[in-house]
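Asks: The structure under discussion is supplied below as structure tokens; questions concerning it will follow.
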Amino acid sequence: MVIYQPRFVYYACLAYKYISIPAFTRPRFIFGLDVTQTGFDKSNQIKIALWKTKITCDTSANALGICILLYFITHVNGSYIIPSELIGDIDNRAGAATFSRGNTVYTYGGATYKEEFSNIFSSISLVNDEGKQNMLYEIVYQQTPGPLCARSTTVYLPESDSVLLFIGRYPDNQKNDTLKVFKYKFNEPGRFWDEIILANNSVIPSTRRDYTATLATNGKIYLYGGIEYATNDKLNQLLVFDPLTNQLSDITKSHQSTLNSHTATALPNGLIVFVTGSTSVSTRSILSALPSEEAIVYDTINDAFTIQKIGGISFPGRTSSSAILAPDQKTIVLFGGLQGYDMAKESVCNDLLFLDTSTWTWSASPSRGFPPAPRNQASIGYLNSNNLVIAYGQSITTLRNDINILQFNGQSMTTLTWLREFQAITSSQLTGARPSNSLGAGSISGIVIGSIVVCIILIAFIWKTRRYTRSFLVNAYYNIIWTPRSSESTIQTPDIRICFDGWTNSSETSANNRPHLICSTDEGYDCMEFITPLNMTLHQPAFSDRLGEVDCFLYAAPKWFGLTDKTGGYGNGTTLIISLYGNNTVTGAIHTTFYPPGMDPNVVYYNITTTDIRQLLTPSQIDSWIVADLDDRYAVNVYSISPKTVVTLGYQIQDHQYLTNSGWNTIGFLPIYNHTPELTTNFRPGVVSSFIQSRGSYHLSNLKVFPNNYATVTLLEERRSTILSVLGSLGGVISLAVAFQMWLFGFRPNSPWGIIQRWSIGPIRRSFEHNLVSRFDSRHTSIPLVDSVYHPKGAFDSDSSQYLNEAKLNFERSSEEEEMIDQRQRLLRVEERMQLTETLLNAYYVNSEIFQKLSESIKQRKLGDSDDTLAVNESEQNLIHERL
């Protein structure tokens, strides 16, 4: 992604001076599609390169022309090398007003992490960059900041190239405030939001939120339903606004249904279809959603309401969904929403549904890729004829800033594919035709025939080795395919006990004032099924503060549910978010205790069934825990949460492997371990703030839980002294001594048989001596390196004692006598002695494999020679022997 820094322009240049007047700021963010183009690195680190350009101008015409030219130049100011879903510069937003203009989707306002209201005006579009499509995020220019608002609605007027903003929530509203309408014109140089003054004969409605404003085919805008901002009353009012005269009229019908947090879609035939939403007239805590089997239809031509029955698939009623008309101009596309009947049981959706208004049936088409995380209050719009964008929104208590693209097949809205990384975005209008790389008929035939032959050979091989192949495939399936890769680490979540201290949970207390909670992840996945209210009559922990009644809940997830190190629909999420609710007028505390999976005594004692992890606690450990829990003496991984705070906790699961008391562990080879999970936590308390009550007055606090590192740490216990370690130390000392000896006296091989050769006695020694005599004394020659080679004639047939006596005389002979010794006898003696030496070396010191190969090669060569050559060689050998 590339960030483009503000443009600078000069509206006027003062004489005799150099001046710089910044006209407006326009940061732009381009999401690259090509890894080589955007420069993504493996560490996903942010790399910023900044430079600034100072622009000046004077009174000359040339300088003024340069200034005007610089207006249209965009200066690159930084490069952020991070995935698009992690961009910190795009605000997390929910409840932003959304409209489409051309091939661009615009959003205005909405709640952010920093403020409940904003005036952010941004756009999302696709741009062509060197034949590849990139997604462009741009901050739209406003000469003066627009109004702060959230949950507003916008209507784009193509004839005047302008947009109307109907304000929803806004700051500092008073009870008697009225509905405000603003207008922004794209085709005017001074772009700002101008408040519209309603015509004199207009109705003046009160401020409201969660209503819809829909542009019908007659050019008028219809406002329906909502919630009055000051009184929180549910409305059934139908208003019509004429953008030509700025007249606002009330055309509410008798017995018209109240409706809020719904969707409204205008059809080409003059109908406006209202689906989903809440029809309740009481407080928001008790929702009565419009069922999926019904739609409220308003006919703008006949000015009449009807209730339309809908068939097809059925789904629970929901609120705050996002809807848009499909390119076929008859199908309504519905995404996400919030479903549930009270705040304690709400859940968010991420399904994509289609309402065919020609047959009035709901359907759902399968899609490829990773769908967006569940959310409500999302922004939706078309980037072009085959790309739909869904961005921002709220997942329970988490605001989002991700941008998702649904690619489909033109008018039919089929072949749905979610593009989360944007590499696969294609459009014939931008990329153009690509050259054909088809193969010839001969090449195709060769490939087909070769593939068939390979398949036959492979099938035959698998059939012959089917037993081993099956074993290999099973092992590969469970140990390779389903083993998480390094970039897709999944970490289990700890068990969490949450105890409300000081709140009343009696039946006389309203459901909203009773302590309860909502569990989800930052990806919006619901984890309420892993929450169990604990039976306080069975065991109730005691806390030293003694603020009042204690009610506890336990989060215990199964082994398959974990947190991943990536966002974007690849897992359940990166963070566990638990929202705590109750009476905010109570002075109480919330105590949380974290347990490593498999070491949670609550699972055993309360017989919890939400987890399938085997508990490793012994009965004595559970008894000790009960005693400590009743006296508030359990302080490991225990933290208290103050109301009106947001707290965070990082954890690390450790596999502590303890050595057992087995005697085998004293050896030091393949030790036996007991595996005990442990948990280390880092807790950061929050600051008291009323801003966290974004979910209503019953929202007390938020608890965010995430892994410090997406890896399981192993703590391995080892004995300092084992038999193998002692032998290793002794071997090291011996090696040092041998090395010192070699350094002093050099090196020569020791006895081949070691201590058996030197110190054997009895039958072992006799067997050893017999083996030496039988192998090396066949020619009764003198022993190399021991006996002298000189000997008297005829000494070969004498016994050893006679040879030794005659060998002594060899040193007393004169040179004349030595010359008389038969030369032939001496050569034969030396030959026998050399053969004995070779036999000795071959037996103990030398690997004769290479010599054997040489001998075989020579023999093979000789076999190819002619008989004449063999005869000549034999005659030559006989001649040599005669000369010797």
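FYI, nothing fancy with the structure tokens labels: chains A, B, ... in order, residues from 1 per chain, ligands from 1 as they appear.
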Based on the backbone DSSP call, show me all residues of region 660-725 of chain A assigned strand (DSSP E or B), as a list in words.
Replies: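 Taking region 660-725 of chain A and keeping strand (DSSP E or B) only, one gets Tyr673, Asn674, His675, Thr676, Pro677, Glu678, Leu679, Thr680, Thr681, Asn682, Phe683, Arg684, His699, Leu700, Ser701, Asn702, Leu703, Lys704, Val705, Phe706, Pro707, Val713, Thr714, Leu715 and Leu716 of chain A.
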Asks: So which residues touch Asn376 (chain A) within 10 Å, counting only C-alpha atoms, skipping near sequence neighbours fewer than 6 positions away, as number ranges by chain?
Replies: A: 94-95, 318-322, 335-339, 347-350, 392-396, 399, 524
Asks: Determine the nearest neighbour of Pro145 (chain A) from the options A:Ile120, A:Leu239, A:Ile613, A:Leu416, counting only C-alpha atoms.
Replies: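 When distances to Pro145 (chain A) are compared using only C-alpha atoms, the smallest one comes from A:Ile120.
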Asks: Would you kindly return, as a count of residues only, each protein, DNA or RNA residue with an atom no farther than 8 Å from any atom of Glu549 (chain A), considering only C-alpha atoms and excluding same-chain residues fewer than 4 positions away?
Replies: 6
Asks: Separation of CA of Asp129 (chain A) and CA of Phe99 (chain A), in Å?
Replies: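 The value is 25.1 Å.
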Asks: Per DSSP on the backbone, what are the helix (DSSP H, G or I) residues of region 536-769 of chain A, as a ChimeraX atom specification?
Replies: /A:601-605,619-630,663-666,690-695,723-745,754-759,762-769
Asks: Skip region 655-659 of chain A itself and residues of its chain fewer than 5 positions away, then list as a count of residues only all residues within 8 Å of it, counting only C-alpha atoms.
Replies: 16
Asks: Would you list the contacts of Tyr211 (chain A) as a list in words, taking every protein, DNA or RNA residue within 8 Å and counting only C-alpha atoms, but skipping same-chain residues closer than 6 positions in sequence?
Replies: Thr153, Leu223, Tyr224, Gly225, Gly226, Ile227, Leu259, Asn260, Ser261 and His262 of chain A
Asks: Expressed in Å to a single decimal, how great is the separation between CA of Phe370 (chain A) and CA of Lys330 (chain A)?
Replies: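 Value for the CA of Phe370 (chain A)-CA of Lys330 (chain A) distance: 26.6 Å.
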Asks: Hey, can you check how far CA of Lys309 (chain A) sits from CA of Trp360 (chain A)?
Replies: 7.4 Å
Asks: Could you list, as an mmCIF file with C-alpha atoms, in the first residue's frame, every residue within 12 Å of Leu267 (chain A), counting only C-alpha atoms and ignoring same-chain residues fewer than 6 positions away?
Replies:
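Output (selection_11.cif):
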```
data_model
loop_
_atom_site.group_PDB
_atom_site.id
_atom_site.type_symbol
_atom_site.label_atom_id
_atom_site.label_comp_id
_atom_site.auth_asym_id
_atom_site.auth_seq_id
_atom_site.Cartn_x
_atom_site.Cartn_y
_atom_site.Cartn_z
ATOM 1 C CA THR A 214 -34.565 6.179 0.182
ATOM 2 C CA LEU A 215 -34.563 7.830 -3.207
ATOM 3 C CA ALA A 216 -37.528 6.564 -5.213
ATOM 4 C CA THR A 217 -37.999 6.558 -8.988
ATOM 5 C CA ASN A 218 -40.154 9.705 -8.762
ATOM 6 C CA VAL A 273 -39.122 -2.734 0.196
ATOM 7 C CA PHE A 274 -38.418 -2.683 3.937
ATOM 8 C CA VAL A 297 -43.718 -2.707 0.944
ATOM 9 C CA TYR A 298 -44.603 0.917 0.228
ATOM 10 C CA ASP A 299 -45.994 1.812 -3.188
ATOM 11 C CA THR A 300 -44.870 5.371 -3.981
ATOM 12 C CA ILE A 301 -47.254 5.561 -6.953
ATOM 13 C CA ILE A 324 -28.458 -3.017 -1.767
ATOM 14 C CA LEU A 325 -30.224 -3.669 -5.058
ATOM 15 C CA ALA A 326 -28.482 -6.181 -7.335
ATOM 16 C CA PRO A 327 -27.509 -5.265 -10.927
ATOM 17 C CA ASP A 328 -30.551 -7.172 -12.250
ATOM 18 C CA GLN A 329 -32.735 -4.448 -10.621
ATOM 19 C CA LYS A 330 -35.013 -6.998 -8.987
ATOM 20 C CA THR A 331 -32.920 -8.813 -6.334
ATOM 21 C CA ILE A 332 -32.135 -7.346 -2.924
ATOM 22 C CA ASP A 356 -35.955 -12.105 -5.442
ATOM 23 C CA THR A 357 -38.767 -9.540 -5.619
ATOM 24 C CA SER A 358 -40.194 -11.136 -8.750
#
```
Asks: Which of these, A:Gln835, A:Thr212, A:Thr252, A:Ser620, has the shortest distance to Ala264 (chain A) once you count only C-alpha atoms?
Replies: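 Comparing A:Gln835, A:Thr212, A:Thr252, A:Ser620 against Ala264 (chain A), the winner is A:Thr212.
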Asks: Kindly indicate which residue among A:Ala739, A:Thr144, A:Arg766, A:Leu406 lies nearest to Leu388 (chain A), using only C-alpha atoms for the distances.
Replies: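 Result for the nearest residue to Leu388 (chain A): A:Leu406.
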Asks: Find the spatial neighbours of Arg93 (chain A), counting only C-alpha atoms, within a cut-off of 10 Å - ignore same-chain residues fewer than 4 positions away - and output them as a list of chain:residue names.
Replies: A:Thr107, A:Tyr108, A:Gly109, A:Gly110, A:Ala111, A:Thr112, A:Tyr113, A:Lys114, A:Glu115, A:Glu116, A:Phe117, A:Ser118, A:Ile120, A:Ala150, A:Gln377, A:Ala378, A:Ser379, A:Ala391, A:Tyr392, A:Gly393, A:Gln394, A:Thr398, A:Leu399, A:Arg400, A:Asn401, A:Asp402
Asks: I need the residue nearest Asp631 (chain A) from this list: A:Asn602, A:Asn709, A:Gln540, A:Gln237. Use only C-alpha atoms for the distance.
Replies: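 When distances to Asp631 (chain A) are compared using only C-alpha atoms, the smallest one comes from A:Gln540.
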Asks: Name the closest residue to Val203 (chain A) among the candidates A:Tyr222, A:Phe241, A:Trp664, A:Tyr845; distances are taken between atoms, counting only C-alpha atoms.
Replies: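 When distances to Val203 (chain A) are compared using only C-alpha atoms, the smallest one comes from A:Phe241.
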